[in-house]
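Next up, start11.txt (compact mmCIF, C-alpha atoms):
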# COMPACT_ATOMS: atom_id res chain seq x y z
CA MET A 1 15.43 -53.87 -36.82
CA SER A 2 12.19 -53.79 -38.79
CA GLU A 3 10.38 -50.48 -39.13
CA SER A 4 7.09 -49.96 -37.38
CA PRO A 5 4.17 -49.61 -39.80
CA HIS A 6 3.35 -46.32 -38.09
CA THR A 7 6.78 -44.84 -38.80
CA VAL A 8 7.14 -43.12 -42.11
CA PRO A 9 10.16 -41.54 -43.74
CA LYS A 10 10.46 -37.78 -43.51
CA PRO A 11 12.33 -36.70 -46.61
CA ARG A 12 13.19 -33.14 -47.41
CA VAL A 13 10.46 -32.15 -49.81
CA ASP A 14 10.38 -29.08 -51.99
CA ALA A 15 8.38 -26.42 -50.23
CA ALA A 16 6.25 -25.90 -53.29
CA SER A 17 4.59 -29.23 -52.65
CA ALA A 18 3.24 -27.86 -49.41
CA GLY A 19 1.24 -25.28 -51.23
CA GLY A 20 3.76 -22.52 -51.83
CA ASP A 21 2.86 -18.92 -51.23
CA ASP A 22 -0.25 -19.00 -53.42
CA ARG A 23 0.79 -15.61 -54.83
CA LYS A 24 -1.53 -15.86 -57.82
CA GLY A 25 -4.61 -16.43 -55.63
CA ALA A 26 -3.56 -13.58 -53.32
CA ARG A 27 -3.10 -11.25 -56.28
CA ARG A 28 -6.55 -12.07 -57.60
CA GLY A 29 -8.00 -11.56 -54.13
CA ALA A 30 -6.32 -8.16 -53.78
CA ILE A 31 -7.72 -7.04 -57.14
CA PHE A 32 -11.19 -8.28 -56.20
CA ILE A 33 -11.16 -6.49 -52.83
CA GLY A 34 -9.88 -3.30 -54.49
CA PHE A 35 -12.84 -3.37 -56.88
CA VAL A 36 -15.22 -3.98 -53.96
CA LEU A 37 -13.81 -0.97 -52.09
CA ILE A 38 -14.13 1.26 -55.16
CA ALA A 39 -17.69 0.03 -55.73
CA TYR A 40 -18.55 0.76 -52.11
CA LEU A 41 -17.27 4.34 -52.34
CA ALA A 42 -19.13 4.79 -55.65
CA TYR A 43 -22.30 3.57 -53.92
CA LEU A 44 -21.87 6.26 -51.25
CA VAL A 45 -21.59 8.94 -53.92
CA VAL A 46 -24.54 7.73 -56.00
CA THR A 47 -26.88 7.39 -53.00
CA GLY A 48 -25.91 10.78 -51.56
CA GLN A 49 -24.39 9.33 -48.38
CA PHE A 50 -20.88 10.57 -49.06
CA ALA A 51 -21.46 13.88 -47.23
CA GLU A 52 -22.68 11.96 -44.14
CA PHE A 53 -19.61 9.76 -44.37
CA VAL A 54 -17.26 12.75 -44.46
CA GLU A 55 -19.10 14.40 -41.56
CA ALA A 56 -18.89 11.22 -39.46
CA MET A 57 -15.19 10.83 -40.21
CA SER A 58 -14.50 14.41 -39.14
CA THR A 59 -15.66 13.60 -35.59
CA VAL A 60 -13.48 10.50 -35.12
CA GLN A 61 -11.20 10.56 -32.07
CA GLY A 62 -7.84 9.36 -33.28
CA SER A 63 -6.63 8.12 -29.90
CA TRP A 64 -9.24 5.35 -29.85
CA ILE A 65 -8.26 4.32 -33.38
CA VAL A 66 -4.68 4.01 -32.14
CA VAL A 67 -5.88 1.76 -29.30
CA ALA A 68 -7.80 -0.40 -31.80
CA SER A 69 -4.67 -0.63 -33.98
CA ILE A 70 -2.59 -1.66 -30.95
CA CYS A 71 -5.08 -4.50 -30.41
CA MET A 72 -4.29 -5.77 -33.91
CA VAL A 73 -0.55 -5.48 -33.23
CA PHE A 74 -1.03 -7.68 -30.15
CA TYR A 75 -3.12 -10.03 -32.29
CA ILE A 76 -0.01 -10.64 -34.43
CA ILE A 77 2.29 -10.84 -31.38
CA PHE A 78 0.12 -13.45 -29.66
CA GLY A 79 0.10 -15.46 -32.90
CA VAL A 80 3.91 -15.47 -32.97
CA VAL A 81 4.04 -16.50 -29.29
CA ALA A 82 1.66 -19.42 -29.98
CA TYR A 83 3.95 -20.65 -32.78
CA ALA A 84 7.02 -20.17 -30.56
CA ILE A 85 5.51 -22.48 -27.93
CA ALA A 86 4.91 -25.16 -30.57
CA VAL A 87 8.47 -24.84 -31.93
CA TRP A 88 9.97 -24.78 -28.43
CA LEU A 89 8.80 -28.38 -27.91
CA ASP A 90 11.41 -29.50 -30.49
CA PRO A 91 14.91 -28.84 -29.04
CA GLU A 92 16.48 -29.17 -32.50
CA SER A 93 14.08 -27.04 -34.54
CA PRO A 94 15.98 -24.52 -36.71
CA VAL A 95 13.04 -22.07 -36.77
CA GLY A 96 13.77 -18.73 -35.08
CA ILE A 97 11.63 -15.83 -33.88
CA ARG A 98 12.01 -13.81 -37.08
CA ASP A 99 11.01 -16.90 -39.05
CA LEU A 100 7.86 -17.16 -36.93
CA ILE A 101 7.04 -13.49 -37.50
CA SER A 102 7.19 -14.28 -41.21
CA VAL A 103 4.98 -17.35 -40.69
CA GLU A 104 2.31 -15.38 -38.83
CA ALA A 105 2.48 -12.55 -41.39
CA ALA A 106 2.05 -15.04 -44.23
CA GLY A 107 -1.06 -16.46 -42.60
CA THR A 108 -2.58 -13.00 -42.21
CA PHE A 109 -1.59 -11.73 -45.67
CA PHE A 110 -2.54 -14.74 -47.81
CA GLY A 111 -5.48 -15.68 -45.60
CA ASN A 112 -7.04 -12.22 -45.98
CA LEU A 113 -6.68 -12.30 -49.76
CA THR A 114 -8.04 -15.78 -50.48
CA PRO A 115 -11.59 -17.18 -50.13
CA MET A 116 -12.36 -18.53 -46.64
CA MET A 117 -8.69 -17.87 -45.76
CA VAL A 118 -7.65 -21.08 -47.53
CA GLY A 119 -4.36 -19.53 -48.65
CA GLY A 120 -3.13 -18.92 -45.11
CA THR A 121 -2.33 -22.53 -44.17
CA PRO A 122 -0.21 -23.51 -47.23
CA ALA A 123 1.59 -20.16 -47.06
CA GLN A 124 2.52 -20.77 -43.42
CA ILE A 125 3.69 -24.31 -44.16
CA TYR A 126 5.79 -22.89 -46.99
CA ARG A 127 7.42 -20.34 -44.67
CA LEU A 128 8.20 -23.04 -42.09
CA THR A 129 9.87 -25.19 -44.75
CA LYS A 130 11.90 -22.20 -45.92
CA ALA A 131 13.06 -21.81 -42.30
CA GLY A 132 14.45 -25.35 -42.36
CA GLN A 133 11.64 -27.66 -41.19
CA PRO A 134 10.83 -30.73 -43.29
CA VAL A 135 7.42 -30.45 -44.91
CA GLY A 136 5.92 -33.19 -42.70
CA GLU A 137 6.99 -31.48 -39.48
CA ALA A 138 5.98 -28.07 -40.85
CA GLY A 139 2.54 -29.43 -41.71
CA ALA A 140 2.21 -30.98 -38.25
CA THR A 141 3.23 -27.72 -36.54
CA GLN A 142 0.82 -25.73 -38.68
CA PHE A 143 -2.15 -28.05 -38.31
CA THR A 144 -1.61 -28.43 -34.57
CA ARG A 145 -1.62 -24.65 -34.33
CA TYR A 146 -4.72 -24.58 -36.53
CA ILE A 147 -6.50 -27.06 -34.26
CA VAL A 148 -5.73 -24.97 -31.18
CA PHE A 149 -6.98 -21.88 -33.04
CA GLN A 150 -10.22 -23.64 -33.95
CA VAL A 151 -10.68 -24.85 -30.37
CA SER A 152 -10.23 -21.25 -29.14
CA LEU A 153 -12.67 -19.99 -31.78
CA VAL A 154 -15.29 -22.53 -30.76
CA LEU A 155 -14.78 -21.85 -27.04
CA TRP A 156 -15.13 -18.09 -27.50
CA ALA A 157 -18.22 -18.57 -29.68
CA ALA A 158 -19.82 -20.95 -27.17
CA ILE A 159 -19.19 -18.56 -24.25
CA LEU A 160 -20.45 -15.47 -26.07
CA LEU A 161 -23.45 -17.27 -27.56
CA ALA A 162 -24.46 -18.40 -24.08
CA VAL A 163 -24.02 -14.90 -22.65
CA ARG A 164 -25.40 -12.65 -25.40
CA LEU A 165 -27.48 -14.74 -27.82
CA PRO A 166 -30.81 -13.83 -26.09
CA PHE A 167 -29.92 -10.13 -26.43
CA PHE A 168 -29.20 -10.36 -30.16
CA THR A 169 -32.18 -12.65 -30.77
CA SER A 170 -34.52 -10.10 -29.20
CA LEU A 171 -32.88 -7.37 -31.29
CA TYR A 172 -32.59 -9.09 -34.68
CA GLY A 173 -34.86 -12.13 -34.47
CA ASP A 174 -34.22 -15.24 -36.54
CA MET A 175 -31.30 -13.64 -38.42
CA THR A 176 -29.05 -14.61 -35.52
CA LEU A 177 -29.60 -18.26 -36.50
CA LEU A 178 -26.84 -17.66 -39.06
CA CYS A 179 -24.41 -17.56 -36.15
CA LEU A 180 -25.63 -20.91 -34.89
CA PHE A 181 -25.16 -22.48 -38.35
CA SER A 182 -21.67 -21.01 -38.65
CA PHE A 183 -20.84 -22.18 -35.13
CA GLY A 184 -22.03 -25.69 -36.02
CA GLY A 185 -19.81 -25.65 -39.11
CA HIS A 186 -16.75 -24.83 -37.03
CA VAL A 187 -17.62 -27.62 -34.58
CA VAL A 188 -17.84 -30.13 -37.46
CA LEU A 189 -14.52 -28.89 -38.85
CA LEU A 190 -12.88 -29.26 -35.46
CA ALA A 191 -14.26 -32.79 -35.08
CA GLY A 192 -12.81 -33.70 -38.49
CA LEU A 193 -9.37 -32.41 -37.50
CA PHE A 194 -9.45 -34.51 -34.32
CA VAL A 195 -10.37 -37.58 -36.37
CA ILE A 196 -7.33 -37.01 -38.60
CA SER A 197 -5.11 -36.56 -35.54
CA LEU A 198 -6.35 -39.52 -33.50
CA CYS A 199 -7.52 -42.04 -36.14
CA PRO A 200 -4.94 -41.87 -38.97
CA ARG A 201 -5.60 -45.43 -40.20
CA PHE A 202 -9.28 -44.72 -40.71
CA VAL A 203 -8.50 -41.46 -42.53
CA ILE A 204 -5.99 -43.20 -44.82
CA ARG A 205 -8.51 -45.91 -45.71
CA VAL A 206 -11.14 -43.31 -46.55
CA ALA A 207 -8.61 -41.30 -48.58
CA HIS A 208 -7.51 -44.40 -50.53
CA TRP A 209 -11.16 -45.22 -51.25
CA ALA A 210 -11.77 -41.69 -52.55
CA ILE A 211 -8.60 -41.76 -54.67
CA GLY A 212 -9.56 -45.18 -56.03
CA LEU A 213 -12.98 -43.82 -56.98
CA ALA A 214 -11.31 -40.90 -58.80
CA GLU A 215 -9.03 -43.34 -60.63
CA ARG A 216 -11.99 -45.48 -61.74
CA VAL A 217 -13.70 -42.39 -63.14
CA GLY A 218 -10.75 -40.61 -64.74
CA GLY A 219 -8.04 -43.25 -64.81
CA ALA A 220 -4.82 -43.50 -62.83
CA ASN A 221 -2.21 -40.84 -63.55
CA ASP A 222 0.73 -39.07 -61.93
CA ARG A 223 -1.59 -36.79 -60.00
CA THR A 224 -3.53 -39.59 -58.30
CA ARG A 225 -0.30 -41.47 -57.58
CA GLY A 226 1.03 -38.30 -55.99
CA TRP A 227 -2.10 -38.11 -53.86
CA ARG A 228 -1.53 -41.66 -52.62
CA THR A 229 2.11 -40.92 -51.81
CA TYR A 230 1.17 -37.75 -49.95
CA VAL A 231 -1.55 -39.50 -47.93
CA ASP A 232 0.70 -42.44 -47.03
CA THR A 233 3.61 -40.25 -45.91
CA GLU A 234 1.93 -37.23 -44.32
CA ILE A 235 -1.14 -38.46 -42.40
CA TYR A 236 0.85 -40.57 -39.94
CA SER A 237 3.50 -37.87 -39.65
CA PHE A 238 0.87 -35.28 -38.81
CA SER A 239 -0.85 -37.60 -36.34
CA GLU A 240 2.41 -38.48 -34.59
CA HIS A 241 3.47 -34.84 -34.25
CA PHE A 242 0.06 -33.81 -32.97
CA LYS A 243 0.11 -36.60 -30.36
CA HIS A 244 3.64 -35.55 -29.40
CA ALA A 245 2.41 -31.98 -28.86
CA ALA A 246 -0.69 -33.18 -27.03
CA VAL A 247 1.47 -35.08 -24.53
CA HIS A 248 2.78 -31.71 -23.33
CA LEU A 249 -0.54 -30.72 -21.79
CA SER A 250 0.92 -27.69 -20.00
CA SER A 251 2.32 -26.29 -23.27
CA MET A 252 -0.95 -26.99 -25.07
CA GLY A 253 -2.82 -25.26 -22.25
CA VAL A 254 -0.56 -22.20 -22.47
CA THR A 255 -1.01 -22.14 -26.25
CA LEU A 256 -4.78 -22.28 -25.82
CA VAL A 257 -4.70 -19.35 -23.36
CA VAL A 258 -2.47 -17.33 -25.71
CA THR A 259 -4.78 -18.03 -28.65
CA MET A 260 -7.83 -17.04 -26.62
CA ALA A 261 -6.09 -13.75 -25.84
CA GLN A 262 -5.25 -13.34 -29.52
CA LEU A 263 -8.91 -13.68 -30.55
CA ALA A 264 -9.96 -11.33 -27.73
CA CYS A 265 -7.73 -8.63 -29.27
CA LEU A 266 -9.60 -9.05 -32.57
CA TYR A 267 -13.04 -9.07 -30.96
CA MET A 268 -12.34 -5.91 -28.92
CA VAL A 269 -11.71 -3.71 -31.96
CA PRO A 270 -15.42 -2.82 -32.59
CA TYR A 271 -15.69 -1.49 -29.02
CA PHE A 272 -12.77 0.92 -29.49
CA VAL A 273 -14.05 1.99 -32.91
CA LEU A 274 -17.40 2.80 -31.29
CA ARG A 275 -15.58 4.85 -28.66
CA ALA A 276 -13.79 6.68 -31.46
CA PHE A 277 -17.16 7.82 -32.83
CA GLY A 278 -18.26 9.12 -29.43
CA ASN A 279 -20.40 6.15 -28.34
CA HIS A 280 -19.31 5.89 -24.71
CA ASP A 281 -22.34 4.12 -23.26
CA VAL A 282 -21.97 0.83 -25.20
CA ASP A 283 -21.76 -2.52 -23.42
CA PHE A 284 -18.28 -4.06 -23.70
CA ILE A 285 -19.46 -7.70 -23.62
CA SER A 286 -22.08 -7.04 -26.32
CA CYS A 287 -19.41 -5.49 -28.55
CA LEU A 288 -17.13 -8.46 -27.88
CA ALA A 289 -19.93 -10.85 -28.86
CA ALA A 290 -20.73 -8.80 -31.97
CA GLY A 291 -17.09 -8.98 -33.07
CA ALA A 292 -17.07 -12.76 -32.61
CA PHE A 293 -20.36 -13.22 -34.49
CA ILE A 294 -19.08 -11.12 -37.42
CA GLN A 295 -15.98 -13.31 -37.69
CA LEU A 296 -18.13 -16.44 -37.65
CA LEU A 297 -20.18 -15.13 -40.58
CA SER A 298 -17.34 -13.71 -42.65
CA SER A 299 -15.24 -16.88 -42.33
CA ALA A 300 -18.08 -18.88 -43.91
CA VAL A 301 -18.32 -16.70 -47.04
CA PRO A 302 -16.32 -18.17 -49.99
CA LEU A 303 -14.98 -14.80 -51.19
CA PRO A 304 -11.62 -13.09 -50.51
CA GLY A 305 -11.63 -11.25 -47.22
CA GLY A 306 -15.06 -12.62 -46.33
CA THR A 307 -16.58 -9.98 -48.62
CA GLY A 308 -20.32 -9.99 -48.14
CA GLY A 309 -20.20 -11.71 -44.78
CA ALA A 310 -18.18 -8.89 -43.22
CA GLU A 311 -20.56 -6.21 -44.49
CA GLY A 312 -23.67 -8.18 -43.60
CA GLY A 313 -22.35 -9.15 -40.18
CA PHE A 314 -21.36 -5.57 -39.37
CA ALA A 315 -24.74 -4.20 -40.45
CA LEU A 316 -26.56 -6.94 -38.51
CA PHE A 317 -24.64 -6.93 -35.23
CA LEU A 318 -23.04 -3.47 -35.05
CA GLY A 319 -25.32 -1.26 -37.14
CA HIS A 320 -27.61 -0.77 -34.13
CA PHE A 321 -24.71 0.55 -32.01
CA PHE A 322 -23.27 2.91 -34.65
CA GLY A 323 -26.56 4.41 -35.84
CA ALA A 324 -26.06 7.22 -38.37
CA SER A 325 -22.28 6.72 -38.43
CA ALA A 326 -22.54 3.03 -39.41
CA THR A 327 -21.03 3.58 -42.88
CA ALA A 328 -17.98 5.42 -41.57
CA GLY A 329 -17.71 2.98 -38.68
CA TYR A 330 -17.65 0.03 -41.06
CA LEU A 331 -14.84 1.50 -43.16
CA VAL A 332 -12.75 2.37 -40.08
CA TRP A 333 -13.32 -1.11 -38.59
CA ARG A 334 -12.42 -2.73 -41.91
CA LEU A 335 -9.32 -0.57 -42.20
CA VAL A 336 -8.10 -1.55 -38.72
CA THR A 337 -8.93 -5.28 -38.87
CA PHE A 338 -8.35 -6.06 -42.56
CA PHE A 339 -6.66 -3.53 -44.85
CA GLY A 340 -4.14 -2.27 -42.27
CA PRO A 341 -2.88 -5.72 -41.15
CA THR A 342 -2.75 -7.00 -44.74
CA ILE A 343 -0.60 -4.07 -45.87
CA ALA A 344 1.55 -4.14 -42.71
CA CYS A 345 2.27 -7.88 -43.07
CA ALA A 346 3.47 -7.64 -46.68
CA PRO A 347 7.02 -6.42 -45.84
CA LEU A 348 7.34 -9.05 -43.09
CA LEU A 349 6.98 -12.01 -45.46
CA GLY A 350 10.70 -12.14 -46.24
CA LEU A 351 12.00 -12.08 -42.66
CA ARG A 352 14.58 -14.80 -41.92
CA SER A 353 16.45 -15.63 -38.74
CA SER A 354 20.19 -15.10 -39.10
CA HIS A 355 21.14 -18.12 -36.95
CA HIS A 356 20.16 -21.78 -36.61
CA ALA A 357 20.08 -22.05 -32.80
CA SER A 358 16.75 -23.48 -31.70
CA ILE A 359 14.35 -21.45 -29.58
CA HIS A 360 14.62 -24.23 -26.97
CA ALA A 361 18.43 -23.82 -26.79
CA ARG A 362 18.24 -20.03 -26.61
CA TRP A 363 15.63 -20.27 -23.84
CA ASP A 364 17.89 -22.67 -21.89
CA ARG A 365 20.83 -20.26 -22.23
CA LEU A 366 18.64 -17.42 -21.00
CA VAL A 367 17.27 -19.37 -18.02
CA HIS A 368 20.48 -21.19 -17.00
CA GLY A 369 22.88 -18.31 -17.58
CA GLY A 370 24.53 -19.68 -20.70
CA LYS A 371 24.59 -23.32 -19.60
CA SER A 372 22.16 -24.95 -21.97
CA SER A 373 21.35 -28.61 -21.83
CA ARG A 374 23.51 -30.98 -23.86
CA ARG A 375 20.55 -32.04 -26.00
CA ALA A 376 19.36 -28.53 -26.82
CA SER A 377 22.82 -27.16 -27.62
CA ARG A 378 24.02 -29.78 -30.05
CA PRO A 379 23.95 -28.85 -33.73
CA ALA A 380 20.67 -29.41 -35.54
CA ARG A 381 20.81 -32.37 -37.84
CA ALA A 382 19.22 -32.74 -41.22
CA ALA A 383 15.77 -34.25 -41.31
CA GLY A 384 15.77 -38.02 -41.67
CA THR A 385 19.51 -38.28 -40.79
CA PRO A 386 20.45 -40.32 -37.73
CA ASP A 387 22.56 -38.71 -35.04
CA ALA A 388 26.25 -39.15 -35.78
CA PRO A 389 28.66 -39.79 -32.94
CA GLN A 390 30.36 -36.52 -32.03
CA ALA A 391 33.80 -36.25 -30.46
CA SER A 392 34.50 -33.38 -28.12
CA ALA A 393 37.18 -32.17 -25.75
CA ALA A 394 35.01 -33.17 -22.82
CA ALA A 395 34.69 -36.77 -23.97
CA PRO A 396 37.14 -38.31 -21.46
CA SER A 397 35.37 -36.77 -18.47
CA GLU A 398 31.93 -37.67 -19.77
CA ALA A 399 32.76 -41.22 -20.74
CA PRO A 400 32.68 -42.76 -17.24
CA SER A 401 29.32 -41.22 -16.52
CA ARG A 402 27.93 -42.64 -19.74
CA GLN A 403 29.37 -46.04 -19.01
CA ALA A 404 27.84 -45.97 -15.59
CA GLY A 405 24.41 -45.94 -17.25
CA PRO A 406 21.26 -44.40 -15.88
CA SER A 407 21.84 -45.91 -12.42
CA ARG A 408 25.13 -45.11 -10.67
CA ARG A 409 24.49 -47.48 -7.74
CA HIS A 410 25.38 -51.16 -8.09
CA ARG A 411 25.83 -54.02 -5.67
CA GLY A 412 28.58 -53.03 -3.24
CA GLN A 413 29.55 -50.02 -5.31
CA ARG A 414 29.06 -46.31 -4.84
CA ILE A 415 30.16 -44.08 -7.69
CA ARG A 416 30.03 -40.37 -7.12
CA GLN A 417 30.95 -37.52 -9.47
CA THR A 418 32.10 -34.31 -7.80
CA SER A 419 33.91 -31.15 -8.83
CA GLY A 420 37.22 -32.91 -8.06
CA GLY A 421 36.49 -35.83 -10.33
CA ILE A 422 34.92 -39.28 -9.97
CA THR A 423 35.15 -41.05 -6.59
CA VAL A 424 34.72 -44.82 -6.33
CA SER A 425 34.20 -46.56 -3.01
CA PRO A 426 36.88 -49.09 -1.95
CA SER A 427 34.47 -51.97 -2.32
CA ALA A 428 34.28 -51.22 -6.01
CA LEU A 429 38.02 -51.95 -6.34
CA LYS A 430 37.75 -55.50 -5.04
CA ARG A 431 37.96 -58.00 -7.82
CA ARG A 432 35.03 -60.33 -7.82
CA LYS A 433 35.61 -64.02 -8.21
CA PRO A 434 34.30 -65.34 -11.48
CA LYS A 435 31.36 -67.63 -11.19
CA ARG A 436 32.02 -71.23 -12.01
Before anything else, please render the file you have as structure tokens.
Amino acid sequence: MSESPHTVPKPRVDAASAGGDDRKGARRGAIFIGFVLIAYLAYLVVTGQFAEFVEAMSTVQGSWIVVASICMVFYIIFGVVAYAIAVWLDPESPVGIRDLISVEAAGTFFGNLTPMMVGGTPAQIYRLTKAGQPVGEAGATQFTRYIVFQVSLVLWAAILLAVRLPFFTSLYGDMTLLCLFSFGGHVVLLAGLFVISLCPRFVIRVAHWAIGLAERVGGANDRTRGWRTYVDTEIYSFSEHFKHAAVHLSSMGVTLVVTMAQLACLYMVPYFVLRAFGNHDVDFISCLAAGAFIQLLSSAVPLPGGTGGAEGGFALFLGHFFGASATAGYLVWRLVTFFGPTIACAPLLGLRSSHHASIHARWDRLVHGGKSSRRASRPARAAGTPDAPQASAAAPSEAPSRQAGPSRRHRGQRIRQTSGGITVSPSALKRRKPKR
């Protein structure tokens, strides 16, 4: 049988080719952010605002900070659940829950410490490959998850812009146009991801043209040949896996709802921080919109942790609410949404599941009381290896049902399988005369 041009091999590829953990970039980002924090504290001392900062911090109500921290814990939990839904669609996936906790932690840790969170995606692909997924399937899982995340981000931004943009425009004027530009950038990015998913041939042609142009300028070498190999093997694989996930509309819908809830946990943190500083008359929806607008700005800044965008966005959209305690409020908000999660995720990077049973099989055992489906319970096979015929003790009893095929009703025959065995109607025992 000839292979379809859309089917590509899925070899086991070294995880490093997927981007690795990007530890060097994360280390540089951590050093940069540490210097920024020290410079910020030095600025408070030099400008004489340190006493105001200490006074504001002395009035903080710790219970509201705990609530804000719980929101970030649920942010991580919802992220793991979204990945679990994507992995559940593959009955033979070897990735377990602890593996997915590591995947989500890697995205948070390396994303926070690299410019525009570019280190999060390769780190998550790397963790999926370490859990046993081939790099093509890991990339498809990650990018499908990324697309759903971007859709949720755009939906939240569109809703909150429609509800609260007039309020912020009247308060800050044309500065709020930055949100519209950032929103437009996310829409363009989302459109590009859909083009890759739905039009792989077009993307491959454009990629080959760009690689050919690079070869004409700098000459062909191992790097450009590697680019061609990667494009030829991964684009179709990613597109096929995304279309496979998109077929399960109910699962995609649940993932979208979970991701919307995940982002809501992040956007609610400013409201609880404001409550911690004694601001009890703030509008919840306005705080939610401010949190979303800050994330839009900080994600567009090409510095680790969105440095510059986070400070500017906080001063622009939340400074009015905090008033004199804006400096302390910023540091507490940054601690809850950035420094705390980054530090907390570091020890989770090495988590590994101790078994290879798929999430689909474990769910079936939970729902059906230990009687999982035959497909979900069979051992996971290596990527790219065809299913081998497996002998089992139950083979004799299963063989007639397999031979009967998908339809157990033939002309003049009724075959029925009961607890006592297989019953065949008398008419099935009559020998038919051969046709002459």
* d(atom CA of A:Ala42, atom CA of A:Thr114) in Å -> 23.9 Å
* Counting only C-alpha atoms, the option among A:Gly313, A:Gly319, A:Gly136, A:Pro91 closest to A:Ile294 ->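 Using only C-alpha atoms, the shortest distance to A:Ile294 belongs to A:Gly313.
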* Please identify all polymer residues within 12 Å of A:Val54, counting all atoms listed in the file, omitting same-chain residues fewer than 6 positions from it, and present them as a list in words. =>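 Contacts, with the query itself left out: Leu41, Leu44, Val45, Gly48, Val60, Ser325, Thr327, Ala328, Gly329 and Leu331 of chain A.
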* Asked: For A:Phe74, which of A:Val273, A:Cys265, A:Leu113, A:Val95 is the closest residue, counting all atoms listed in the file?
  ->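 So, comparing all the options, the nearest one is A:Cys265.
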* **Residue with smallest distance to A:Gly253 - pool A:Thr233, A:Ser298, A:Ser170, A:Ser152, counting only C-alpha atoms** =>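 Once distances to A:Gly253 are computed over only C-alpha atoms, the minimum belongs to A:Ser152.
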Would you compute, for all listed atoms of stretch 258-263 of chain A, the axis-aligned bounding box grown by 4 Å on each side, and then report its centre and edge lengths in Å rounded to one decimal, as lines of an AutoDock Vina configuration file?
center_x = -5.7
center_y = -15.7
center_z = -28.1
size_x = 14.4
size_y = 12.7
size_z = 12.8
* Asked: Given the choices A:Ile31, A:Pro94, A:Ala56, A:Thr255, which gets closest to A:Gly278 if the distance is worked out from all atoms listed in the file?
  ->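 Closest to A:Gly278 of all the choices is A:Ala56.
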* Find the residues with any atom within 12 Å of (-18.5, -16.4, -26.3); use all atoms listed in the file and the coordinates as given in the file, and write the answer as a ChimeraX atom specification. => /A:152-165,179,183,260,263-264,267,285-293,296
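Of the listed residues (A:Ser299, A:Thr342, A:Thr307, A:Ser58), A:Ser299 comes nearest to A:Ser182; the distances count all atoms listed in the file.
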* **Nearest to A:Ala30 by atom-to-atom distance, counting all atoms listed in the file, from A:Thr169, A:Gln124, A:Asn112, A:Thr59** => A:Asn112
Which polymer residues have any atom within 8 Å of an atom of stretch 187-196 of chain A, counting only C-alpha atoms, with same-chain residues fewer than 4 positions away left out, as a PDB file with C-alpha atoms, in the frame of the given file?
ATOM      1  CA  ILE A 147      -6.500 -27.060 -34.260  1.00  0.00           C
ATOM      2  CA  GLN A 150     -10.220 -23.640 -33.950  1.00  0.00           C
ATOM      3  CA  VAL A 151     -10.680 -24.850 -30.370  1.00  0.00           C
ATOM      4  CA  VAL A 154     -15.290 -22.530 -30.760  1.00  0.00           C
ATOM      5  CA  PHE A 183     -20.840 -22.180 -35.130  1.00  0.00           C
ATOM      6  CA  PRO A 200      -4.940 -41.870 -38.970  1.00  0.00           C
ATOM      7  CA  VAL A 203      -8.500 -41.460 -42.530  1.00  0.00           C
ATOM      8  CA  ILE A 235      -1.140 -38.460 -42.400  1.00  0.00           C
ATOM      9  CA  SER A 239      -0.850 -37.600 -36.340  1.00  0.00           C
TER      10      SER A 239
END
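Separating atom CA of A:Ala84 from atom CA of A:Val254 is a distance of 11.3 Å.
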* Asked: So what do you get for atom CA of A:Trp88 versus atom CA of A:His244, distance-wise?
  -> 12.5 Å
* Asked: Can you tell me, as a ChimeraX atom specification, what residues are no more than 8 Å from A:Thr141 when counting all atoms listed in the file, ignoring any on the same chain fewer than 3 positions away?
  -> /A:86-87,137-138,144-145,241-242
* To do: Quick one: everything within 6 Å of A:Gly120, counting all atoms listed in the file, minus sequence neighbours fewer than 4 positions away in the same chain. Send it as a PyMOL selection string.
  => chain A and resi 107+110-111
